[in-house]
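J.: Contents are CSV, C-alpha atoms; file name protein_33.csv:
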chain,number,residue,atom,x,y,z
A,1,MET,CA,90.9,36.1,47.9
A,2,LYS,CA,89.0,37.1,51.0
A,3,ARG,CA,90.6,40.5,50.9
A,4,LEU,CA,89.6,40.9,47.2
A,5,ILE,CA,86.0,40.1,48.0
A,6,THR,CA,86.0,42.6,50.8
A,7,LEU,CA,87.4,45.3,48.5
A,8,LEU,CA,84.9,44.5,45.8
A,9,THR,CA,82.1,44.7,48.4
A,10,MET,CA,83.4,48.1,49.6
A,11,ALA,CA,83.6,49.4,46.1
A,12,ALA,CA,80.0,48.3,45.3
A,13,SER,CA,78.8,50.0,48.5
A,14,ALA,CA,80.6,53.2,47.6
A,15,LEU,CA,79.0,53.2,44.1
A,16,THR,CA,75.6,52.6,45.7
A,17,MET,CA,76.1,55.5,48.1
A,18,THR,CA,77.3,57.8,45.3
A,19,ALA,CA,74.1,56.9,43.3
A,20,GLN,CA,71.8,57.7,46.2
A,21,THR,CA,69.6,60.8,45.8
A,22,THR,CA,70.5,63.7,48.0
A,23,ALA,CA,68.4,66.5,49.3
A,24,ASP,CA,70.3,68.9,47.0
A,25,ASP,CA,69.5,66.6,44.0
A,26,VAL,CA,65.8,66.9,44.9
A,27,LEU,CA,66.0,70.7,45.3
A,28,GLY,CA,67.7,71.0,41.9
A,29,THR,CA,65.0,69.0,40.2
A,30,VAL,CA,62.1,70.9,41.9
A,31,ARG,CA,63.6,74.3,41.1
A,32,LYS,CA,63.9,73.2,37.4
A,33,ALA,CA,60.2,72.1,37.3
A,34,ASN,CA,59.1,75.4,39.0
A,35,ASN,CA,61.3,77.6,36.9
A,36,TYR,CA,59.8,76.0,33.8
A,37,PHE,CA,56.3,76.8,35.0
A,38,MET,CA,57.0,80.4,36.1
A,39,ALA,CA,58.7,81.1,32.8
A,40,LYS,CA,55.8,79.7,30.7
A,41,TYR,CA,53.2,81.4,32.8
A,42,SER,CA,55.1,84.6,33.7
A,43,ASP,CA,52.0,86.7,34.3
A,44,PRO,CA,50.0,85.1,37.0
A,45,THR,CA,47.0,87.3,36.4
A,46,VAL,CA,46.3,86.1,32.9
A,47,PRO,CA,43.1,83.9,32.8
A,48,THR,CA,43.3,80.3,31.6
A,49,ASN,CA,41.6,79.5,28.3
A,50,VAL,CA,41.0,75.8,28.0
A,51,LYS,CA,37.7,75.4,26.2
A,52,ARG,CA,36.5,78.6,27.9
A,53,VAL,CA,38.1,81.5,29.8
A,54,ARG,CA,38.5,81.1,33.5
A,55,PRO,CA,40.2,83.5,36.0
A,56,SER,CA,43.6,82.4,37.3
A,57,SER,CA,42.1,82.0,40.8
A,58,LEU,CA,40.5,78.7,39.8
A,59,TRP,CA,41.4,75.5,41.7
A,60,THR,CA,44.1,74.3,39.3
A,61,ARG,CA,46.2,77.4,39.8
A,62,ALA,CA,45.4,77.5,43.5
A,63,VAL,CA,47.0,74.0,43.9
A,64,TYR,CA,50.1,75.3,42.2
A,65,TYR,CA,50.5,78.0,44.8
A,66,GLU,CA,50.2,75.5,47.6
A,67,GLY,CA,53.2,73.8,46.1
A,68,LEU,CA,55.0,77.1,45.6
A,69,MET,CA,54.5,78.0,49.3
A,70,ALA,CA,55.9,74.7,50.3
A,71,LEU,CA,59.0,75.3,48.0
A,72,TYR,CA,59.5,78.7,49.7
A,73,GLU,CA,60.0,76.9,53.0
A,74,ILE,CA,63.1,75.2,51.8
A,75,ASP,CA,64.2,77.7,49.1
A,76,PRO,CA,63.3,81.2,50.3
A,77,ASP,CA,63.4,83.0,47.0
A,78,GLN,CA,61.7,86.4,46.9
A,79,ARG,CA,60.5,85.7,43.4
A,80,TYR,CA,58.1,83.1,44.7
A,81,LEU,CA,56.5,85.6,47.1
A,82,ASP,CA,56.3,88.4,44.5
A,83,TYR,CA,54.7,86.0,42.0
A,84,THR,CA,52.2,84.8,44.6
A,85,ASP,CA,51.2,88.3,45.9
A,86,ARG,CA,50.7,89.6,42.4
A,87,TRP,CA,48.3,86.8,41.7
A,88,ALA,CA,46.4,87.1,45.0
A,89,ALA,CA,46.2,90.9,45.0
A,90,PHE,CA,44.9,90.8,41.5
A,91,HIS,CA,42.0,88.6,42.7
A,92,LYS,CA,41.6,90.8,45.7
A,93,TRP,CA,42.2,87.9,48.1
A,94,THR,CA,38.7,86.7,47.3
A,95,PRO,CA,37.4,83.3,46.5
A,96,ARG,CA,36.7,82.7,42.8
A,97,ASN,CA,33.0,83.6,42.2
A,98,GLY,CA,32.8,85.7,45.3
A,99,THR,CA,32.1,85.3,49.0
A,100,THR,CA,28.8,83.5,48.5
A,101,THR,CA,30.2,80.5,46.7
A,102,CYS,CA,29.9,77.2,48.4
A,103,ASP,CA,32.0,75.4,45.8
A,104,ALA,CA,35.2,74.0,47.3
A,105,ASP,CA,37.0,74.5,43.9
A,106,ASP,CA,36.3,78.3,44.3
A,107,GLN,CA,37.7,78.3,47.9
A,108,CYS,CA,41.0,76.5,47.3
A,109,CYS,CA,42.9,79.8,46.5
A,110,GLY,CA,42.2,80.9,50.1
A,111,GLN,CA,44.7,78.4,51.5
A,112,THR,CA,47.5,80.5,50.0
A,113,TYR,CA,45.9,83.8,51.0
A,114,LEU,CA,45.9,82.6,54.6
A,115,MET,CA,49.5,81.5,54.4
A,116,ARG,CA,50.5,84.9,53.3
A,117,TYR,CA,48.3,86.5,56.0
A,118,GLU,CA,50.2,84.4,58.6
A,119,GLN,CA,53.5,85.5,57.1
A,120,VAL,CA,53.0,89.2,56.7
A,121,GLY,CA,49.6,90.1,58.0
A,122,GLY,CA,47.0,92.3,56.3
A,123,GLU,CA,43.3,91.9,57.1
A,124,GLU,CA,42.4,91.9,53.4
A,125,LYS,CA,44.1,88.5,53.1
A,126,ILE,CA,41.7,86.8,55.5
A,127,ALA,CA,38.5,88.9,55.6
A,128,ARG,CA,36.8,87.7,52.5
A,129,MET,CA,37.7,84.1,53.0
A,130,ARG,CA,36.3,84.3,56.5
A,131,GLU,CA,33.1,85.9,55.2
A,132,ASN,CA,32.8,83.1,52.7
A,133,LEU,CA,33.2,80.3,55.2
A,134,ASP,CA,30.8,81.9,57.6
A,135,TYR,CA,28.3,82.0,54.7
A,136,GLN,CA,28.8,78.4,53.8
A,137,MET,CA,28.4,77.2,57.4
A,138,LYS,CA,24.8,78.5,57.5
A,139,THR,CA,23.8,77.4,54.0
A,140,PRO,CA,22.5,73.9,53.3
A,141,ASN,CA,23.2,72.2,50.0
A,142,GLU,CA,19.9,71.9,48.1
A,143,LYS,CA,21.3,70.7,44.8
A,144,LYS,CA,19.5,67.9,43.0
A,145,ASN,CA,22.0,65.2,43.7
A,146,ILE,CA,21.5,65.7,47.5
A,147,LYS,CA,18.3,63.8,48.4
A,148,THR,CA,18.0,65.5,51.7
A,149,PRO,CA,19.3,69.1,51.9
A,150,SER,CA,22.2,69.0,54.4
A,151,LEU,CA,24.2,71.8,56.0
A,152,TYR,CA,27.2,69.6,55.7
A,153,GLY,CA,26.5,68.1,52.3
A,154,TRP,CA,28.7,70.2,50.1
A,155,TRP,CA,31.7,67.9,49.4
A,156,THR,CA,30.1,65.5,47.1
A,157,TRP,CA,33.4,64.7,45.3
A,158,ILE,CA,36.6,63.7,47.1
A,159,ASP,CA,38.7,66.4,45.5
A,160,ALA,CA,36.8,68.9,47.5
A,161,ILE,CA,38.3,67.6,50.7
A,162,GLN,CA,41.7,68.9,49.6
A,163,MET,CA,40.4,72.1,48.0
A,164,ALA,CA,38.5,73.3,51.1
A,165,MET,CA,39.0,71.3,54.3
A,166,PRO,CA,42.6,72.6,55.0
A,167,LEU,CA,41.2,76.1,54.6
A,168,TYR,CA,38.7,75.6,57.4
A,169,MET,CA,41.5,74.2,59.6
A,170,GLN,CA,43.7,77.2,58.8
A,171,MET,CA,40.9,79.6,59.7
A,172,ALA,CA,40.3,77.8,63.0
A,173,ARG,CA,44.0,78.1,64.0
A,174,LEU,CA,44.5,81.7,62.9
A,175,THR,CA,41.2,83.0,64.5
A,176,GLY,CA,41.1,80.7,67.5
A,177,GLU,CA,37.5,79.9,66.6
A,178,THR,CA,36.9,76.1,66.8
A,179,LYS,CA,33.6,76.4,64.9
A,180,TYR,CA,35.6,76.2,61.6
A,181,ARG,CA,37.3,73.0,62.6
A,182,ASP,CA,34.0,71.5,63.9
A,183,HIS,CA,32.1,72.3,60.7
A,184,ALA,CA,34.9,71.0,58.5
A,185,MET,CA,34.9,67.7,60.4
A,186,GLN,CA,31.1,67.4,60.0
A,187,MET,CA,31.4,67.9,56.3
A,188,TYR,CA,34.3,65.4,56.1
A,189,ARG,CA,32.2,62.8,58.0
A,190,TRP,CA,29.3,63.4,55.7
A,191,SER,CA,31.4,62.7,52.6
A,192,ARG,CA,33.2,59.8,54.2
A,193,ASN,CA,30.1,58.0,55.7
A,194,GLU,CA,27.0,59.3,53.9
A,195,CYS,CA,27.6,60.7,50.4
A,196,GLY,CA,26.7,58.0,47.9
A,197,GLY,CA,26.5,55.5,50.7
A,198,GLY,CA,29.9,56.5,52.0
A,199,LEU,CA,32.9,57.3,49.8
A,200,PHE,CA,35.6,55.8,52.0
A,201,ASN,CA,36.1,52.1,51.8
A,202,THR,CA,37.8,51.4,55.1
A,203,LYS,CA,38.5,47.8,54.1
A,204,ASP,CA,40.7,48.8,51.2
A,205,GLY,CA,41.8,52.2,52.7
A,206,LEU,CA,40.7,53.8,49.4
A,207,TRP,CA,38.1,56.3,48.3
A,208,TRP,CA,35.4,56.2,45.7
A,209,ARG,CA,35.5,59.4,43.7
A,210,ASP,CA,32.1,61.0,44.1
A,211,ALA,CA,28.3,60.7,44.5
A,212,ASP,CA,27.9,59.9,40.8
A,213,TYR,CA,29.9,56.7,41.3
A,214,VAL,CA,27.6,54.8,43.6
A,215,PRO,CA,30.0,52.3,45.2
A,216,PRO,CA,31.2,49.8,44.4
A,217,TYR,CA,32.0,51.2,41.0
A,218,LYS,CA,33.9,48.8,38.7
A,219,GLU,CA,36.5,49.0,35.9
A,220,PRO,CA,36.1,46.9,32.8
A,221,ASP,CA,38.3,44.2,34.3
A,222,GLY,CA,35.9,43.8,37.1
A,223,ARG,CA,38.0,45.5,39.8
A,224,ASP,CA,37.0,48.4,41.9
A,225,CYS,CA,37.6,51.9,40.4
A,226,TYR,CA,39.7,53.9,42.7
A,227,TRP,CA,41.0,57.0,41.0
A,228,SER,CA,44.7,57.7,41.8
A,229,ARG,CA,44.7,61.5,41.9
A,230,GLY,CA,41.3,61.6,43.7
A,231,ASN,CA,42.8,59.5,46.5
A,232,GLY,CA,45.9,61.7,46.3
A,233,TRP,CA,43.7,64.7,47.0
A,234,VAL,CA,42.3,63.2,50.2
A,235,TYR,CA,45.7,61.9,51.3
A,236,ALA,CA,47.3,65.3,50.9
A,237,ALA,CA,44.3,67.0,52.6
A,238,LEU,CA,44.7,64.8,55.7
A,239,VAL,CA,48.3,65.9,56.0
A,240,ARG,CA,47.5,69.5,55.5
A,241,CYS,CA,44.7,69.5,58.0
A,242,MET,CA,46.8,67.7,60.6
A,243,ASN,CA,49.5,70.3,60.2
A,244,GLU,CA,47.0,72.9,61.3
A,245,LEU,CA,45.8,71.0,64.4
A,246,PRO,CA,47.3,70.2,67.8
A,247,LYS,CA,48.3,66.5,68.0
A,248,LYS,CA,46.1,65.9,71.0
A,249,ASP,CA,43.0,67.4,69.3
A,250,LYS,CA,40.2,64.8,68.7
A,251,ALA,CA,40.0,65.9,65.1
A,252,TYR,CA,43.7,65.2,64.6
A,253,LYS,CA,43.3,61.7,66.0
A,254,GLU,CA,40.3,61.0,63.8
A,255,LEU,CA,42.1,62.1,60.7
A,256,LYS,CA,45.2,60.3,61.6
A,257,LYS,CA,43.3,57.0,61.7
A,258,ASP,CA,42.1,57.5,58.1
A,259,PHE,CA,45.6,58.5,57.1
A,260,MET,CA,47.0,55.3,58.5
A,261,LEU,CA,44.3,53.2,56.7
A,262,MET,CA,45.0,55.0,53.4
A,263,SER,CA,48.8,54.6,53.8
A,264,LYS,CA,48.4,50.8,54.2
A,265,GLY,CA,46.0,50.7,51.2
A,266,LEU,CA,48.2,52.8,48.9
A,267,LEU,CA,51.4,50.9,49.7
A,268,LYS,CA,49.7,47.7,48.5
A,269,CYS,CA,49.0,49.1,45.0
A,270,GLN,CA,52.3,50.8,44.2
A,271,ARG,CA,53.7,49.6,40.9
A,272,GLU,CA,57.1,47.9,40.8
A,273,ASP,CA,58.5,50.9,38.9
A,274,GLY,CA,57.5,53.3,41.7
A,275,PHE,CA,54.5,54.9,40.1
A,276,TRP,CA,50.8,54.3,40.8
A,277,ASN,CA,48.3,53.6,38.0
A,278,PRO,CA,45.6,56.1,37.2
A,279,SER,CA,43.2,53.4,38.4
A,280,LEU,CA,44.8,52.1,41.6
A,281,VAL,CA,43.9,48.4,41.8
A,282,SER,CA,42.9,47.8,38.2
A,283,THR,CA,44.8,46.6,35.1
A,284,ASN,CA,42.8,49.2,33.1
A,285,TYR,CA,44.9,52.2,32.2
A,286,ALA,CA,48.1,50.5,33.6
A,287,MET,CA,50.7,53.2,33.1
A,288,PRO,CA,52.7,55.8,35.0
A,289,GLU,CA,50.8,58.8,36.4
A,290,THR,CA,52.7,61.7,38.0
A,291,SER,CA,50.1,63.7,39.9
A,292,GLY,CA,48.8,60.9,42.1
A,293,THR,CA,52.3,59.5,42.6
A,294,ALA,CA,53.5,62.9,43.7
A,295,LEU,CA,50.7,63.3,46.2
A,296,PHE,CA,51.3,59.8,47.6
A,297,LEU,CA,55.0,60.6,48.0
A,298,TYR,CA,53.9,63.8,49.9
A,299,GLY,CA,51.8,61.9,52.4
A,300,MET,CA,54.2,59.0,52.9
A,301,ALA,CA,57.3,61.1,53.4
A,302,TRP,CA,55.4,63.2,55.9
A,303,GLY,CA,54.2,60.1,57.7
A,304,ILE,CA,57.7,58.8,58.0
A,305,ARG,CA,58.9,62.1,59.4
A,306,GLN,CA,56.2,62.1,62.0
A,307,GLY,CA,57.0,58.6,63.1
A,308,TYR,CA,53.6,57.3,62.0
A,309,LEU,CA,54.8,55.1,59.1
A,310,LYS,CA,57.6,52.6,59.5
A,311,ALA,CA,60.6,53.7,57.5
A,312,LYS,CA,61.6,50.1,56.6
A,313,ASP,CA,58.2,49.7,54.8
A,314,TYR,CA,57.5,53.2,53.4
A,315,ARG,CA,60.9,54.7,52.8
A,316,PRO,CA,61.6,52.3,49.8
A,317,ALA,CA,58.2,53.3,48.4
A,318,CYS,CA,59.2,57.0,48.6
A,319,ASP,CA,62.6,56.3,47.1
A,320,ARG,CA,61.0,54.4,44.2
A,321,ALA,CA,58.3,57.0,43.6
A,322,TRP,CA,60.9,59.9,43.4
A,323,ALA,CA,63.3,57.9,41.2
A,324,ALA,CA,60.5,56.9,38.9
A,325,MET,CA,59.3,60.5,38.4
A,326,VAL,CA,62.8,61.9,37.8
A,327,LYS,CA,63.6,59.1,35.4
A,328,THR,CA,60.4,58.8,33.5
A,329,ALA,CA,58.4,62.1,33.9
A,330,VAL,CA,60.8,65.1,34.4
A,331,HIS,CA,62.1,66.6,31.1
A,332,ARG,CA,65.4,68.4,30.9
A,333,ASP,CA,63.6,71.8,30.7
A,334,GLY,CA,61.4,71.0,33.7
A,335,PHE,CA,58.2,69.9,31.9
A,336,LEU,CA,56.4,67.1,33.7
A,337,GLY,CA,55.2,64.2,31.6
A,338,TRP,CA,52.8,61.4,32.3
A,339,MET,CA,50.5,63.9,33.9
A,340,GLN,CA,46.8,63.2,33.8
A,341,GLY,CA,44.6,66.1,32.7
A,342,THR,CA,41.5,67.3,34.5
A,343,GLY,CA,38.6,65.0,35.0
A,344,LYS,CA,37.1,62.7,37.6
A,345,ASP,CA,38.2,59.2,36.9
A,346,PRO,CA,41.1,57.2,35.4
A,347,SER,CA,39.7,57.5,31.8
A,348,ALA,CA,40.2,61.3,31.8
A,349,GLY,CA,42.8,62.7,29.5
A,350,GLN,CA,43.8,59.4,28.1
A,351,PRO,CA,46.1,58.3,26.6
A,352,LEU,CA,48.9,59.7,28.8
A,353,SER,CA,52.4,59.9,27.6
A,354,TYR,CA,55.9,61.3,28.3
A,355,ASP,CA,55.4,64.2,25.9
A,356,LYS,CA,51.7,64.9,26.1
A,357,VAL,CA,50.8,68.3,27.6
A,358,PRO,CA,47.8,68.1,29.9
A,359,ASP,CA,44.9,70.6,29.5
A,360,PHE,CA,46.2,72.3,32.6
A,361,GLU,CA,49.8,72.2,33.8
A,362,ASP,CA,49.4,74.1,37.0
A,363,TYR,CA,47.9,71.7,39.5
A,364,GLY,CA,50.3,68.9,38.4
A,365,THR,CA,53.2,71.1,39.0
A,366,GLY,CA,51.8,72.0,42.4
A,367,CYS,CA,51.4,68.3,43.3
A,368,PHE,CA,55.0,67.6,42.2
A,369,LEU,CA,56.3,70.5,44.3
A,370,LEU,CA,54.4,69.2,47.4
A,371,GLY,CA,55.8,65.7,47.0
A,372,ALA,CA,59.3,66.9,46.2
A,373,VAL,CA,59.5,69.3,49.1
A,374,GLU,CA,58.3,66.7,51.7
A,375,TYR,CA,60.8,64.2,50.2
A,376,TYR,CA,63.6,66.8,50.5
A,377,LYS,CA,62.7,67.2,54.2
A,378,LEU,CA,62.8,63.4,54.7
A,379,LEU,CA,66.3,63.2,53.1
A,380,LYS,CA,67.5,66.3,54.9
Could you spell out this file's structure in C-alpha cells?

T.:
Amino acid sequence: MKRLITLLTMAASALTMTAQTTADDVLGTVRKANNYFMAKYSDPTVPTNVKRVRPSSLWTRAVYYEGLMALYEIDPDQRYLDYTDRWAAFHKWTPRNGTTTCDADDQCCGQTYLMRYEQVGGEEKIARMRENLDYQMKTPNEKKNIKTPSLYGWWTWIDAIQMAMPLYMQMARLTGETKYRDHAMQMYRWSRNECGGGLFNTKDGLWWRDADYVPPYKEPDGRDCYWSRGNGWVYAALVRCMNELPKKDKAYKELKKDFMLMSKGLLKCQREDGFWNPSLVSTNYAMPETSGTALFLYGMAWGIRQGYLKAKDYRPACDRAWAAMVKTAVHRDGFLGWMQGTGKDPSAGQPLSYDKVPDFEDYGTGCFLLGAVEYYKLLK
C-alpha cells in the first residue's frame, strides 16, 4: 500500500512537471503574437486612422517597438530589425511633432531610436532626440493646468513617466552627460510629489492617474481609483530606467524604493485567476485586462531576477499572470483579447471582451512582448 501511494505521488509529480510552462513555450507564444501583429501591419510607415490620421511614430506604436527590441534580445530575427529601421528611418529618427515638442507621448519613439544607435551607430539616430531633450530641459510648462509654470512640470499624467523618462536615462548613459538623468529625476519627483498634490500614494504603493484626478479619486463603490495600465506604465518605467543606471547611483536607489513599494501594492490586488482588474482595488469593472497584467509581469519577473523580490512570494504571481493571459487572452492566431483601448481610466474602452479589438493594437502587443520576454528570462 505504501509503495502504491509512493508511485501515485511520483506520477502526480511527473504530470505537474510536464504541465509546467517552459521558456520555449513562452517564446512560441510571443512569436505567435508578434507574427500576428507584423502580418496585419506589414507596412510600418502607414499612419494610423482611428478617428483621425496620426503618423506611425505616435506613442502607441513606439511602445510596440520597445517590446520588439526586447524580443530581439532572445530571438535575434533580422526581420525585427528591418521592420524597426524602416519605421524609424521613415520618421527620420525624429520625435513625433518635431524637436520642439515637450509632450512625452511624442518622445516615446526615441527609446527605440537610441537602442538602434547603441547597436549599430549612426549620429542621425540620436541627434534629433538629443536636440529635443535639450530644448525641453530649458522650457517651463506654462499650460493652464499648471498653476505655477515649472521647468520640471511636464509629466502631468503618469503614462508620461514610461513614455519619456527611460529616454532621458538612455541619453545620459550614451552621452555620459548626467544632466539628462538629473533633469529626469526632477521631473519624476515633481509628478510623484507635487502634481495634483502628489500622484504617488506611498501608503498603497499605487499611483493616481493624472492632475485631472485630484486624489483621492473614488470609484462608484467608494474605493480608490487606481488605473491598472497607468500603474503598469510607471512600474515598467522604473525597470527601464534602472536598467540604464549603475546600481550604486543615487537615482537608481531612489527608483528602487518606489519599485519595491509598488511591487508590494500590486501583489495585494492581483486577482485569483492571475489577472489584475482595470481598476486595481475596486469591484467596478472587475474583469481580466491584458495590458496592465503584462506590465506587472514584466516588473515582477525582473525584480525576481535581480534578487529584489522574494521568489516564494512573487514567482507564483508571475506564473498565474502568464497562465491567465495564455489561457484567456491569447487567440490561436496571436490576437490578444481582453485588451483595454486607449484612455486614461478604468472606464475607457469598456466593455472589454475576449474578441473585442481595441482601438489601437500596437501598444498592447508591446506590453505583452515586454512581459513575455522578461518571464522567458526568468524561466531560462

J.: For region 66-74 of chain A, work out the shell of residues within 8 Å, counting all atoms listed in the file and skipping chain neighbours fewer than 4 positions away, then give it as a ChimeraX atom specification.

T.: /A:34,62,80-81,111-112,115,365-370,373

J.: Taking C-alpha atoms for each residue, export the selection above as an mmCIF file, in the coordinates of the input.

T.:
data_model
loop_
_atom_site.group_PDB
_atom_site.id
_atom_site.type_symbol
_atom_site.label_atom_id
_atom_site.label_comp_id
_atom_site.auth_asym_id
_atom_site.auth_seq_id
_atom_site.Cartn_x
_atom_site.Cartn_y
_atom_site.Cartn_z
ATOM 1 C CA ASN A 34 59.100 75.400 39.000
ATOM 2 C CA ALA A 62 45.400 77.500 43.500
ATOM 3 C CA TYR A 80 58.100 83.100 44.700
ATOM 4 C CA LEU A 81 56.500 85.600 47.100
ATOM 5 C CA GLN A 111 44.700 78.400 51.500
ATOM 6 C CA THR A 112 47.500 80.500 50.000
ATOM 7 C CA MET A 115 49.500 81.500 54.400
ATOM 8 C CA THR A 365 53.200 71.100 39.000
ATOM 9 C CA GLY A 366 51.800 72.000 42.400
ATOM 10 C CA CYS A 367 51.400 68.300 43.300
ATOM 11 C CA PHE A 368 55.000 67.600 42.200
ATOM 12 C CA LEU A 369 56.300 70.500 44.300
ATOM 13 C CA LEU A 370 54.400 69.200 47.400
ATOM 14 C CA VAL A 373 59.500 69.300 49.100
#

J.: Please determine, counting all atoms listed in the file, which residue among A:Ala172, A:Met260, A:Leu167, A:Cys241 has the shortest atom-to-atom distance to Asp204 (chain A).

T.: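 The answer is A:Met260, which sits nearest to Asp204 (chain A).
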
J.: Using only C-alpha atoms for the distances, tell me which of A:Tyr226, A:Lys264, A:Ser150, A:Lys203 is nearest to Ser191 (chain A).

T.: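 Of A:Tyr226, A:Lys264, A:Ser150, A:Lys203, the one nearest Ser191 (chain A) is A:Ser150, counting only C-alpha atoms.
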
J.: Any idea what's packed within 12 Å of Asp345 (chain A), counting all atoms listed in the file, ignoring anything in its chain fewer than 2 positions away? Could you give it as a VMD selection string?

T.: chain A and resid 157 to 159 207 to 210 212 to 213 217 to 219 224 to 231 277 to 280 284 to 285 292 340 to 343 347 to 350

J.: Write out as a JSON list (two decimals) with C-alpha atoms, in the coordinates of the input which residues come within 9 Å of region 89-93 of chain A when counting all atoms listed in the file, dropping same-chain ones fewer than 3 positions away.

T.:
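Ended up saving to selection_3.json:
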[["chain", "number", "residue", "atom", "x", "y", "z"],
["A", 44, "PRO", "CA", 50.00, 85.10, 37.00],
["A", 45, "THR", "CA", 47.00, 87.30, 36.40],
["A", 55, "PRO", "CA", 40.20, 83.50, 36.00],
["A", 56, "SER", "CA", 43.60, 82.40, 37.30],
["A", 57, "SER", "CA", 42.10, 82.00, 40.80],
["A", 84, "THR", "CA", 52.20, 84.80, 44.60],
["A", 85, "ASP", "CA", 51.20, 88.30, 45.90],
["A", 86, "ARG", "CA", 50.70, 89.60, 42.40],
["A", 96, "ARG", "CA", 36.70, 82.70, 42.80],
["A", 109, "CYS", "CA", 42.90, 79.80, 46.50],
["A", 110, "GLY", "CA", 42.20, 80.90, 50.10],
["A", 113, "TYR", "CA", 45.90, 83.80, 51.00],
["A", 124, "GLU", "CA", 42.40, 91.90, 53.40],
["A", 125, "LYS", "CA", 44.10, 88.50, 53.10],
["A", 126, "ILE", "CA", 41.70, 86.80, 55.50],
["A", 127, "ALA", "CA", 38.50, 88.90, 55.60],
["A", 128, "ARG", "CA", 36.80, 87.70, 52.50],
["A", 129, "MET", "CA", 37.70, 84.10, 53.00]]

J.: Can you measure CA of Leu352 (chain A) to CA of Trp276 (chain A) for me? One decimal in Å is fine.

T.: 13.3 Å

J.: Mind giving me the straight-line distance from CA of Gly122 (chain A) to CA of Gly176 (chain A) in Å, one decimal?

T.: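 Computing the Euclidean distance for CA of Gly122 (chain A) and CA of Gly176 (chain A) yields 17.2 Å.
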
J.: State, in Å with one decimal place, the distance from CA of Ala372 (chain A) to CA of Trp302 (chain A).

T.: 11.1 Å

J.: So which one's closest to Gly303 (chain A), A:Thr283, A:Thr156, A:Ser263, A:Ser291? Using only C-alpha atoms, please.

T.: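 The shortest atom-to-atom distance to Gly303 (chain A) comes from A:Ser263.
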
J.: Could I see region 289-300 of chain A restored to N, CA and C atoms, set down as a PDB file, in the frame of the given file?

T.:
ATOM      1  N   GLU A 289      51.604  57.571  36.218  1.00  0.00           N
ATOM      2  CA  GLU A 289      50.800  58.800  36.400  1.00  0.00           C
ATOM      3  C   GLU A 289      51.454  59.637  37.431  1.00  0.00           C
ATOM      4  N   THR A 290      51.790  60.879  37.093  1.00  0.00           N
ATOM      5  CA  THR A 290      52.700  61.700  38.000  1.00  0.00           C
ATOM      6  C   THR A 290      51.935  62.382  39.094  1.00  0.00           C
ATOM      7  N   SER A 291      50.746  62.930  38.855  1.00  0.00           N
ATOM      8  CA  SER A 291      50.100  63.700  39.900  1.00  0.00           C
ATOM      9  C   SER A 291      49.748  62.906  41.125  1.00  0.00           C
ATOM     10  N   GLY A 292      49.126  61.742  40.916  1.00  0.00           N
ATOM     11  CA  GLY A 292      48.800  60.900  42.100  1.00  0.00           C
ATOM     12  C   GLY A 292      50.052  60.400  42.759  1.00  0.00           C
ATOM     13  N   THR A 293      51.063  60.004  41.983  1.00  0.00           N
ATOM     14  CA  THR A 293      52.300  59.500  42.600  1.00  0.00           C
ATOM     15  C   THR A 293      52.955  60.594  43.443  1.00  0.00           C
ATOM     16  N   ALA A 294      52.954  61.839  42.969  1.00  0.00           N
ATOM     17  CA  ALA A 294      53.500  62.900  43.700  1.00  0.00           C
ATOM     18  C   ALA A 294      52.795  63.160  45.050  1.00  0.00           C
ATOM     19  N   LEU A 295      51.470  63.066  45.017  1.00  0.00           N
ATOM     20  CA  LEU A 295      50.700  63.300  46.200  1.00  0.00           C
ATOM     21  C   LEU A 295      50.879  62.131  47.229  1.00  0.00           C
ATOM     22  N   PHE A 296      51.037  60.917  46.732  1.00  0.00           N
ATOM     23  CA  PHE A 296      51.300  59.800  47.600  1.00  0.00           C
ATOM     24  C   PHE A 296      52.685  59.920  48.262  1.00  0.00           C
ATOM     25  N   LEU A 297      53.647  60.381  47.475  1.00  0.00           N
ATOM     26  CA  LEU A 297      55.000  60.600  48.000  1.00  0.00           C
ATOM     27  C   LEU A 297      54.902  61.708  49.116  1.00  0.00           C
ATOM     28  N   TYR A 298      54.130  62.732  48.878  1.00  0.00           N
ATOM     29  CA  TYR A 298      53.900  63.800  49.900  1.00  0.00           C
ATOM     30  C   TYR A 298      53.455  63.237  51.195  1.00  0.00           C
ATOM     31  N   GLY A 299      52.405  62.423  51.153  1.00  0.00           N
ATOM     32  CA  GLY A 299      51.800  61.900  52.400  1.00  0.00           C
ATOM     33  C   GLY A 299      52.745  60.880  53.062  1.00  0.00           C
ATOM     34  N   MET A 300      53.357  60.005  52.292  1.00  0.00           N
ATOM     35  CA  MET A 300      54.200  59.000  52.900  1.00  0.00           C
ATOM     36  C   MET A 300      55.468  59.552  53.515  1.00  0.00           C
TER      37      MET A 300
END
